[in-house]
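What follows is a short report on a single structure.
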Number of protein chains: 2
Amino acid sequence: MTEQDVERGPEPTEPVPAPYGAATDLLTVPFAGAPIFTRARALRPTGKVLPEHARSHNRALVLQTLYTAGAQSRADVARETGLTRVTISDLVADLIAEGLVIELGQREHARPGKPAILIDVDRAAFHIIGVDLSEHQRFLGAVIDLDGDIVSRAEVDRAGATGEHAIDLVIELVRTLLGSTTTPVLGIGVGSPGVVDPLGVVRSAPNIGWTDVALQARLADEFSLPVHVANDANVAVLAEHGASQLDDLLLVKIGHGVGAGLIIGGRPVIGSGFAAGEIGHVVVGTDGGPRCACGKHGCLEVWLAVPRLTARLDAIDPDSPDAASARDEILHEAGRRLGIVLAPVVGALNLAEVVLSGPAELLDGALHEATVDTLRNRTMAEHSRDLRLRMTAQAQDIVLRGAAVMVLSGQLGVA
Amino acid sequence: MTEQDVERGPEPTEPVPAPYGAATDLLTVPFAGAPIFTRARALRPTGKVLPEHARSHNRALVLQTLYTAGAQSRADVARETGLTRVTISDLVADLIAEGLVIELGQREHARPGKPAILIDVDRAAFHIIGVDLSEHQRFLGAVIDLDGDIVSRAEVDRAGATGEHAIDLVIELVRTLLGSTTTPVLGIGVGSPGVVDPLGVVRSAPNIGWTDVALQARLADEFSLPVHVANDANVAVLAEHGASQLDDLLLVKIGHGVGAGLIIGGRPVIGSGFAAGEIGHVVVGTDGGPRCACGKHGCLEVWLAVPRLTARLDAIDPDSPDAASARDEILHEAGRRLGIVLAPVVGALNLAEVVLSGPAELLDGALHEATVDTLRNRTMAEHSRDLRLRMTAQAQDIVLRGAAVMVLSGQLGVA
DNA sequence: TCATGTTTGTTAGTAAAGCTTACGAACAAA
DNA sequence: TTTGTTCGTAAGCTTTACTAACAAACATGA
């Protein structure tokens, strides 16, 4: 592999690994009389496994170890992974040759024995382009480093652009971002509203007027870089997962619409029609509710979407003596509705953690409290006792950083 | 491996692979510039992969191919798996030596070329013991062959037995079943009510008065055979999954209580507290409802559990002119309530198939219809358009057969 | 009838991957 | 200075699946 390959990624003619696709798992299965892993669980084996597959798995394991634990010696990595020092040296030599790992010199702290040479992922070697198309008025983008920190930002005003015009805006945004860094770019990650399939085709995004837009292919053609596209909420939950390390996680993203991203057993949930997490138009409760744009009454979005909420809050007379309690009442009701919809999901999946993403001034207060109370009151106490509902720690940048995680994960097997 | 090992499984001192545990996935991850699988999706690599792990995966792949496609030649298996004829011959030789595969002689149908020697899983080589503890009055058991057909049955009257006494009944039942077959037994699968952890410890099963009962260990000690224990609904969905081949599936099991089993992306969902599928005590709707044993009002179980339903139906005056419509009304309301709880789950997971298991005379009619209607009316039409809600094809034996699938999957990697 | 082509399964040898064993280098502690 | 420890590497082995080649056994067509 030439250095050019590393920097620019695969040629556009080569298939780029599709994000959010079905896992191609190489599963070790115990067999009669000779279980290999104590906690292994057998599934239908999916395809053959060749030695080089094992190699690239172990390669990613080394990278992951360095990425999360930071600079350490080859011997440290060997101990942590269970592979031998010899194998680690071999893998690390490859990684160094590819420019992904660098030697940092000898370890300071003096211990008996030969001093260790510290190695680490070369965190300055690559940047990632993250794009967030979920806002209504503008498209956001950022250059993100391998640690997930944002290096620089850019945005374009959407100005109601739809269809092909909106695609041009995305391309323009990415071009600006690419121009703002001289560091090689590992890939481009995009969080889009709507239903996105594993090949990065936006099947349907009414807000942007997209139907079957092959965004992944378009961007890959344009920039000759690896491109990963997925639904914005599904991308957002990746950022949260990267931070929380929890393997069962539901993130509810409240903005112009309401969507969710799910990780179960450490894996993103895609859904049979690639529409997992689309809970905005699930009807809440058995007492009707305001009419929704979709035609039904009492959808989650009519209770919870930010435009609806702010409209209702703005209708309060600010000079009224009970303006504060009226505000609380509105937020409380919204939270209660969210809890009603989430209760069956939390119960069925036995979730331990639910994360809210959206404007904190709306969500982090009466709404949050009402959701927790409702959830606890409507599910089994003993199972939801340790249920946590919290605001995301990622604030505004959750989709951008999730997009970076998606690229990291897709290109390096690291998150 | 001696033949004894194959017949009797691992010694009890050896750890038996835990059923329903976290998947130990050997994942091939694409890396920068060199994607290996077009549709691969990277996850956090879990552990090292050695050549022998690849071997056992491929071994299971061969077994799986033979198991599902039936008798065929080594060359056929090679074509189907993508492995070479040489490798298949090598793997098959192992499997034949272990007694799992047999040669059936030359293929009848004459084609040009050297006639093929048919091989197949030796479906008469092993039996499986399946146990169903989910009924209230009795424990059911069966001897099941490798095709999932029931060879013989046994049952014990529970007579209200709880705690240690109930464990003795299970042991007695299994002993009876083992005595009724002379074929080597691959393993024992148990579907228990309540919360069961991946090590086969029944954390809590109020009906049987079990708390932290190490059922897997007890049975493994007693019979020196591989034992797999899981929640009854989670076991039931395995039977359905084995039959349907669908990778996203929710099964609702309605009996003395109401529980669910979930398979997402081809994997059983366990839940962070091992309580996935426990939807019986999720509150339905926003209009209260009858008081439940758990203290809340309007839990799913009070609308749907068989004892509650029959009690309500029995209260109808059979001589009344509108007895039939009263009955329909009750079943319709139950179905509606089920739909209300399922809608958020179906929406969030974008499920394509939901299966009902329980007494067909109650479920398969007005109740079923009302559930479908409610689901469609409360979720997004375009996503639930191809949603199917159907009765299980497995009837009464769903837990027994699911238990067999669990053993097959755990011991051979076949389902 | 007999040569030709096809398919099967096996043998022989090769490449890749990670292992074990062994060793030199470099240091701390006694 | 000696001893023990730790690190990284070299050499050789084992496992695995691959490619190449071939004999056996059959169908087909001249």
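By order of appearance in the structure tokens: chains A, B, ..., then residues from 1 within every chain, and ligands from 1 in the order shown.
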Polymer residues at most 12 Å from stretch 14-20 of chain D, only C-alpha atoms (C1' of nucleotides), same-chain spacing of 3 or more positions, as an MDAnalysis selection string: (chainID A and resid 48:52 54) or (chainID B and resid 50:56 58 82:91) or (chainID C and resid 11:20)
Within 9 Å of stretch 142-150 of chain B using only C-alpha atoms (C1' of nucleotides), minus same-chain residues under 2 positions, as a PyMOL selection string: chain B and resi 67+121-132+140+152-155+174+177-178+180-181+397+400-402+404-405+408
Write out, as a PDB file, in the first residue's frame, the residues just selected, with C-alpha atoms.
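What ended up in out-v1.pdb:
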ATOM      1  CA  TYR B  67     -27.919 -28.825   8.327  1.00  0.00           C
ATOM      2  CA  VAL B 121     -25.271 -34.190   9.293  1.00  0.00           C
ATOM      3  CA  ASP B 122     -25.933 -37.503  11.020  1.00  0.00           C
ATOM      4  CA  ARG B 123     -29.391 -36.545  12.119  1.00  0.00           C
ATOM      5  CA  ALA B 124     -29.785 -39.752  14.073  1.00  0.00           C
ATOM      6  CA  ALA B 125     -26.540 -39.277  15.965  1.00  0.00           C
ATOM      7  CA  PHE B 126     -27.876 -37.129  18.763  1.00  0.00           C
ATOM      8  CA  HIS B 127     -30.971 -36.271  20.649  1.00  0.00           C
ATOM      9  CA  ILE B 128     -31.637 -33.111  22.598  1.00  0.00           C
ATOM     10  CA  ILE B 129     -33.541 -32.731  25.858  1.00  0.00           C
ATOM     11  CA  GLY B 130     -35.903 -29.755  25.886  1.00  0.00           C
ATOM     12  CA  VAL B 131     -37.614 -28.524  29.036  1.00  0.00           C
ATOM     13  CA  ASP B 132     -40.401 -25.960  29.385  1.00  0.00           C
ATOM     14  CA  LEU B 140     -42.999 -30.160  30.255  1.00  0.00           C
ATOM     15  CA  SER B 152     -41.044 -38.453  22.991  1.00  0.00           C
ATOM     16  CA  ARG B 153     -42.563 -36.399  25.746  1.00  0.00           C
ATOM     17  CA  ALA B 154     -42.765 -36.362  29.504  1.00  0.00           C
ATOM     18  CA  GLU B 155     -44.234 -34.066  32.101  1.00  0.00           C
ATOM     19  CA  VAL B 174     -34.812 -34.688  32.784  1.00  0.00           C
ATOM     20  CA  LEU B 177     -36.326 -38.136  29.437  1.00  0.00           C
ATOM     21  CA  LEU B 178     -32.706 -39.282  29.431  1.00  0.00           C
ATOM     22  CA  SER B 180     -36.264 -42.837  27.407  1.00  0.00           C
ATOM     23  CA  THR B 181     -33.576 -42.578  24.746  1.00  0.00           C
ATOM     24  CA  ASP B 397     -44.174 -26.895  21.635  1.00  0.00           C
ATOM     25  CA  LEU B 400     -39.449 -27.112  23.841  1.00  0.00           C
ATOM     26  CA  ARG B 401     -38.318 -26.631  20.273  1.00  0.00           C
ATOM     27  CA  GLY B 402     -36.699 -23.320  21.081  1.00  0.00           C
ATOM     28  CA  ALA B 404     -33.544 -27.535  21.230  1.00  0.00           C
ATOM     29  CA  VAL B 405     -32.495 -24.695  18.938  1.00  0.00           C
ATOM     30  CA  LEU B 408     -28.051 -26.857  18.673  1.00  0.00           C
TER      31      LEU B 408
END
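Using only C-alpha atoms (C1' of nucleotides), the part of chain D that sits within 6 Å of chain B is made up of DA25, DC26 and DA27 of chain D.
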Put those residues in a file: C-alpha atoms (C1' of nucleotides), as a PDB file, in the first residue's frame.
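Output file out23.pdb follows:
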ATOM      1  C1'  DA D  25     -15.525 -42.439 -12.638  1.00  0.00           C
ATOM      2  C1'  DC D  26     -18.909 -41.120 -15.354  1.00  0.00           C
ATOM      3  C1'  DA D  27     -21.656 -38.953 -19.840  1.00  0.00           C
TER       4       DA D  27
END
Do you have, as CSV, the list of residues of chain C lying at most 9 Å from chain B, each with its nearest atom pair and that distance in Å to one decimal, counting only C-alpha atoms (C1' of nucleotides) and ordered by chain then number?
residue,atom,partner,partner_atom,distance
C:DG5,C1',B:Gly113,CA,8.7
C:DT6,C1',B:Gly113,CA,4.7
C:DT7,C1',B:Gly113,CA,3.8
C:DT8,C1',B:Lys114,CA,5.1
C:DG9,C1',B:Ser89,CA,7.7
C:DT10,C1',B:Val86,CA,7.9
C:DA17,C1',B:Pro51,CA,7.1
C:DG18,C1',B:Leu50,CA,6.9
Selected residues written out, N, CA, C and O atoms (P, O5', C5', C4', C3', O3' and C1' of nucleotides), as a CSV table (one decimal), in the first residue's frame:
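Done, and the output landed in out.csv:
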chain,number,residue,atom,x,y,z
C,5,DG,P,-11.6,-32.6,-25.5
C,5,DG,O5',-12.8,-32.3,-24.4
C,5,DG,C5',-14.1,-32.3,-24.8
C,5,DG,C4',-15.0,-32.4,-23.6
C,5,DG,C3',-14.6,-31.5,-22.4
C,5,DG,O3',-15.8,-30.9,-21.9
C,5,DG,C1',-14.8,-33.7,-21.7
C,6,DT,P,-15.6,-29.7,-20.8
C,6,DT,O5',-16.3,-30.5,-19.5
C,6,DT,C5',-17.5,-31.3,-19.7
C,6,DT,C4',-17.9,-31.9,-18.4
C,6,DT,C3',-17.6,-31.0,-17.2
C,6,DT,O3',-18.7,-31.1,-16.3
C,6,DT,C1',-16.6,-33.1,-16.9
C,7,DT,P,-18.9,-29.9,-15.2
C,7,DT,O5',-18.7,-30.7,-13.9
C,7,DT,C5',-19.6,-31.8,-13.6
C,7,DT,C4',-18.9,-32.7,-12.6
C,7,DT,C3',-18.4,-32.0,-11.3
C,7,DT,O3',-19.3,-32.4,-10.3
C,7,DT,C1',-16.9,-33.6,-12.1
C,8,DT,P,-19.0,-31.9,-8.8
C,8,DT,O5',-18.1,-33.1,-8.2
C,8,DT,C5',-18.6,-34.4,-8.3
C,8,DT,C4',-17.6,-35.3,-7.7
C,8,DT,C3',-17.0,-34.9,-6.3
C,8,DT,O3',-17.3,-35.9,-5.4
C,8,DT,C1',-15.2,-35.4,-7.8
C,9,DG,P,-17.4,-35.5,-3.8
C,9,DG,O5',-15.9,-35.9,-3.4
C,9,DG,C5',-15.5,-37.2,-3.4
C,9,DG,C4',-13.9,-37.3,-3.4
C,9,DG,C3',-13.3,-36.6,-2.2
C,9,DG,O3',-12.5,-37.6,-1.5
C,9,DG,C1',-12.2,-36.0,-4.2
C,10,DT,P,-11.7,-37.3,-0.2
C,10,DT,O5',-10.2,-37.4,-0.7
C,10,DT,C5',-9.9,-38.5,-1.6
C,10,DT,C4',-8.5,-38.3,-2.1
C,10,DT,C3',-7.5,-37.9,-1.0
C,10,DT,O3',-6.3,-38.7,-1.1
C,10,DT,C1',-7.4,-36.4,-2.9
C,17,DA,P,-1.2,-12.6,6.9
C,17,DA,O5',-1.3,-13.2,8.3
C,17,DA,C5',-2.5,-14.0,8.7
C,17,DA,C4',-2.2,-14.7,9.9
C,17,DA,C3',-1.5,-13.9,11.0
C,17,DA,O3',-2.4,-13.7,12.1
C,17,DA,C1',-0.5,-16.1,10.7
C,18,DG,P,-1.9,-12.7,13.3
C,18,DG,O5',-1.5,-13.8,14.4
C,18,DG,C5',-2.4,-14.7,14.8
C,18,DG,C4',-1.7,-15.8,15.6
C,18,DG,C3',-0.8,-15.2,16.8
C,18,DG,O3',-1.1,-16.0,17.9
C,18,DG,C1',0.5,-16.6,15.4
Close residues, A:Ile102 itself excluded, 6 Å, only C-alpha atoms (C1' of nucleotides), min 4 positions apart in chain, as a VMD selection string: chain A and resid 96 119 to 120 122
